[in-house]
Amino acid sequence: MSGPSTTVAPSAVTRPHWVVLALTFIAVVLDGYDTIALGLSIPALSKDWGVSASHFTPALALTSLGVALGYIAVGQLVARFGCRRVILAAVLVFTVGSLLTAWASSIWELTALRFVTGLGLGAVLPAAVAHATALNPARLRQSITVFVTMGISLGALIAGLLGSKLIGAYGWPSVFVAGAIASAVLFPLLWLGLPDEHAVLGTVEPAAAKHNASVARLFDAGVRTRTVLLWGFSFLVFGVFYIFSSWLPTLLTSYGFTTGLAPLGSAALGVGSIIGAGVLMVGVLRFRMTSVLMITTMLAIVFLIVSGFLGADKALLLIVFGGVGLGLQAGMIGQAAVAVSLYPAGTAATGVGWAASMGRIGSVLGPIVGGALIALGTSTSTIVFLACVPMLGALALIAALGRISARKVSDSPDRAVAAAIRG
C-alpha cells in the first residue's frame, strides 16, 4: 500500500466532479453527526448512570484529542496512501467506534471508545477536502472547501433534531447506533464511487509527496506568519464552539429544558451553522474570506452577549444560540477555506489538517473548561460572558491575518499569484 513511484504531470481538471463532491460531503455530514453525538446524549447518560454531567468531561476531551491526532496524522497518511484510502479507513474506524459506544457501560470505557472514534473523525475532514478540491477545478477551491466542510454543520443539525426523538423513544444508545448504521450504508458507496486521485491526476514521486506533506511547508517564508495567525484563530473559535456543542444541552436544563428537549440546543447550533456556511459561500464570491470571518466572529460575540441577558424563554434562547452557532461555525468552516487558499495544492491536506488540529486542541480544552465551570456551579449567563473573551482574541487574529493577506496580494505583480494567496 505504499505510494506511487513514478512522476506524471497532473492533468488539468476543468469540470466539477459531482459524485466526489456528493460523497465527500456526506462523509463529512456523518462526521459532524458523530462528533456531537456524545454532547447531546450527556443529559440522558447522566440520569441513567446516576452521575453528575461534569463526570463526562474526560470523554468529551478525549474525543477531541483523538480528532486532533487524526488531523495531525492525515497529511502523512494522504501522502503515503492517497485521499481515497484514508477516507475509507477513517469512515470504517468511526463506524465501528460509534457502534461500540452504544454498549459502553462505564465512563472510562466510554472515554476510550470515543478517543478511538475521534481518530477516525479527525482524518475524514482534511482528506475529504483535499480529495474534493484536487478532483475539481482550481478556481472553485474555496467554494468547494466551504461546501464540503458545511457537512459538519448539517451533521450537527441532523443529530440535534434526530437525537431528541431517538433519546426520548429509545434512550441514549440509539443516537450512536443510528450514526453507525448510516456510516455503514455509506461505506460501500464510498468504495465504489470515490476514484483514486492518482488515476485521475497522475502520480507523483514519493519524495515529492512526502515533502509536500511536511508540516515544515506551512512555515515557508511567505506563509509562516499567516500560519501562526490562522492556527491561533482556529484554536480560539474551536474552543468556544465546543464548550457549547458539548455542554449546551446540559446548560439548557438550567432554563427548564427536559432531557428530551435539551438536544434541541444542538439543533439550534446546527441551524445557525448551516446559515453561517451559506453566508460564507455567498460572501466569498465578493469579499476576502478573512473579511467575511471578521463579520461572522463579531456576530458570534453579539449573540453571546445577548444570550447572557435572556430569561427562560425557550424559543428565544434557541434562536439566539442559533446565532451563536452561525458565528462560531462560520469561523470553523472558514479557517479551512483560508488554509486551502494559503498553501500549494499538494500541501492542502496538511494545511487543513494542522489548522484544524490547532482548533481541536482548543476543542479539547473547551469542554474541560466548560465542565469545570459547570462543576463549580457557574451560571449559564456567566459562562457565555466568559466565552466572549477568547472570541475577542479570535477577532483580533483574523483581522491581522486579513491585513497581511491583503498586503501580500497588493505587493504581488502576478494576478495569478495574488489570486492563489487570496484568503
# chains A, B, ... in the order shown; residues from 1 in each chain; ligands from 1
call {"tool": "residues_around", "arguments": {"residues": "region 44-48 of chain A", "least_positions_apart": "2", "cutoff": "9 Å", "atoms": "only C-alpha atoms", "output": "PyMOL selection string"}}
result
chain A and resi 40-42+50-56+167+171-172+259-260
call {"tool": "closest_atom_pairs", "arguments": {"of": "region 94-118 of chain A", "to": "region 60-68 of chain A", "cutoff": "12 Å", "atoms": "only C-alpha atoms", "output": "Markdown table"}}
result
| residue | atom | partner | partner_atom | distance |
| --- | --- | --- | --- | --- |
| A:Phe94 | CA | A:Val67 | CA | 10.6 |
| A:Gly97 | CA | A:Thr63 | CA | 11.1 |
| A:Ser98 | CA | A:Thr63 | CA | 11.5 |
| A:Thr101 | CA | A:Thr63 | CA | 11.8 |
| A:Ile107 | CA | A:Leu60 | CA | 10.6 |
| A:Trp108 | CA | A:Leu62 | CA | 10.5 |
| A:Glu109 | CA | A:Leu62 | CA | 11.7 |
| A:Leu110 | CA | A:Leu60 | CA | 9.7 |
| A:Thr111 | CA | A:Leu62 | CA | 6.5 |
| A:Ala112 | CA | A:Leu62 | CA | 7.7 |
| A:Leu113 | CA | A:Thr63 | CA | 8.5 |
| A:Arg114 | CA | A:Thr63 | CA | 5.0 |
| A:Phe115 | CA | A:Thr63 | CA | 4.5 |
| A:Val116 | CA | A:Gly66 | CA | 6.4 |
| A:Thr117 | CA | A:Thr63 | CA | 7.2 |
| A:Gly118 | CA | A:Gly66 | CA | 4.3 |
call {"tool": "residues_around", "arguments": {"residues": "Phe303 (chain A)", "least_positions_apart": "6", "cutoff": "10 Å", "atoms": "only C-alpha atoms", "output": "compact mmCIF listing (two decimals) with N, CA and C atoms, in the first residue's frame"}}
result
# COMPACT_ATOMS: atom_id res chain seq x y z
N ILE A 319 -33.22 30.47 19.34
CA ILE A 319 -32.91 31.36 18.21
C ILE A 319 -31.56 32.04 18.42
N VAL A 320 -31.34 32.54 19.62
CA VAL A 320 -30.09 33.25 19.89
C VAL A 320 -28.90 32.31 19.83
N PHE A 321 -29.04 31.11 20.37
CA PHE A 321 -27.93 30.16 20.27
C PHE A 321 -27.73 29.68 18.84
N GLY A 322 -28.79 29.77 18.04
CA GLY A 322 -28.60 29.54 16.62
C GLY A 322 -27.69 30.61 16.02
N GLY A 323 -27.86 31.85 16.47
CA GLY A 323 -26.97 32.93 16.03
C GLY A 323 -25.54 32.71 16.49
N VAL A 324 -25.38 32.18 17.70
CA VAL A 324 -24.04 31.83 18.19
C VAL A 324 -23.41 30.78 17.27
N GLY A 325 -24.22 29.77 16.92
CA GLY A 325 -23.73 28.73 16.02
C GLY A 325 -23.33 29.28 14.66
N LEU A 326 -24.10 30.26 14.17
CA LEU A 326 -23.78 30.90 12.89
C LEU A 326 -22.36 31.47 12.92
N GLY A 327 -22.08 32.27 13.94
CA GLY A 327 -20.78 32.93 14.00
C GLY A 327 -19.63 31.98 14.25
N VAL A 384 -21.42 32.26 29.24
CA VAL A 384 -21.45 32.85 27.89
C VAL A 384 -20.70 34.18 27.88
N CYS A 388 -16.94 35.27 25.59
CA CYS A 388 -16.68 36.42 24.72
C CYS A 388 -15.20 36.81 24.71
call {"tool": "residues_around", "arguments": {"residues": "region 181-191 of chain A", "least_positions_apart": "5", "cutoff": "7 Å", "atoms": "only C-alpha atoms", "output": "PyMOL selection string"}}
result
chain A and resi 23+30+88+91+95
call {"tool": "closest_residue", "arguments": {"among": "A:Ala400, A:Val124, A:Ala337, A:Val74", "to": "Val284 (chain A)", "atoms": "only C-alpha atoms"}}
result
A:Ala337
call {"tool": "residues_around", "arguments": {"residues": "Gly39 (chain A)", "least_positions_apart": "4", "cutoff": "9 Å", "atoms": "only C-alpha atoms", "output": "list in words"}}
result
Thr35, Pro43, Leu60, Phe244, Ser245, Ser246, Trp247, Leu248, Pro249, Thr250, Pro263 and Ser266 of chain A
call {"tool": "write_last_selection", "arguments": {"atoms": "N, CA and C atoms", "output": "PDB file, in the first residue's frame"}}
result
ATOM      1  N   THR A  35     -19.621  13.613  15.829  1.00  0.00           N
ATOM      2  CA  THR A  35     -18.806  14.472  16.683  1.00  0.00           C
ATOM      3  C   THR A  35     -19.597  15.022  17.863  1.00  0.00           C
ATOM      4  N   PRO A  43     -27.070  14.612  28.990  1.00  0.00           N
ATOM      5  CA  PRO A  43     -28.145  14.711  29.993  1.00  0.00           C
ATOM      6  C   PRO A  43     -28.815  13.367  30.285  1.00  0.00           C
ATOM      7  N   LEU A  60     -15.492  13.754  26.665  1.00  0.00           N
ATOM      8  CA  LEU A  60     -15.554  14.847  25.683  1.00  0.00           C
ATOM      9  C   LEU A  60     -14.162  15.295  25.277  1.00  0.00           C
ATOM     10  N   PHE A 244     -19.928  24.912  23.831  1.00  0.00           N
ATOM     11  CA  PHE A 244     -21.386  24.898  23.663  1.00  0.00           C
ATOM     12  C   PHE A 244     -21.881  23.629  22.981  1.00  0.00           C
ATOM     13  N   SER A 245     -21.155  23.094  22.006  1.00  0.00           N
ATOM     14  CA  SER A 245     -21.622  21.861  21.372  1.00  0.00           C
ATOM     15  C   SER A 245     -21.587  20.700  22.363  1.00  0.00           C
ATOM     16  N   SER A 246     -20.656  20.754  23.319  1.00  0.00           N
ATOM     17  CA  SER A 246     -20.555  19.691  24.316  1.00  0.00           C
ATOM     18  C   SER A 246     -21.516  19.884  25.482  1.00  0.00           C
ATOM     19  N   TRP A 247     -21.702  21.130  25.906  1.00  0.00           N
ATOM     20  CA  TRP A 247     -22.414  21.377  27.161  1.00  0.00           C
ATOM     21  C   TRP A 247     -23.733  22.122  27.003  1.00  0.00           C
ATOM     22  N   LEU A 248     -24.078  22.582  25.795  1.00  0.00           N
ATOM     23  CA  LEU A 248     -25.308  23.360  25.662  1.00  0.00           C
ATOM     24  C   LEU A 248     -26.547  22.587  26.106  1.00  0.00           C
ATOM     25  N   PRO A 249     -26.712  21.307  25.693  1.00  0.00           N
ATOM     26  CA  PRO A 249     -27.895  20.596  26.214  1.00  0.00           C
ATOM     27  C   PRO A 249     -27.950  20.578  27.739  1.00  0.00           C
ATOM     28  N   THR A 250     -26.780  20.418  28.369  1.00  0.00           N
ATOM     29  CA  THR A 250     -26.728  20.433  29.841  1.00  0.00           C
ATOM     30  C   THR A 250     -27.042  21.823  30.381  1.00  0.00           C
ATOM     31  N   PRO A 263     -31.498  18.353  23.648  1.00  0.00           N
ATOM     32  CA  PRO A 263     -30.751  18.236  22.400  1.00  0.00           C
ATOM     33  C   PRO A 263     -31.159  19.233  21.325  1.00  0.00           C
ATOM     34  N   SER A 266     -28.498  21.650  20.466  1.00  0.00           N
ATOM     35  CA  SER A 266     -27.560  21.254  19.430  1.00  0.00           C
ATOM     36  C   SER A 266     -28.149  21.482  18.049  1.00  0.00           C
TER      37      SER A 266
END
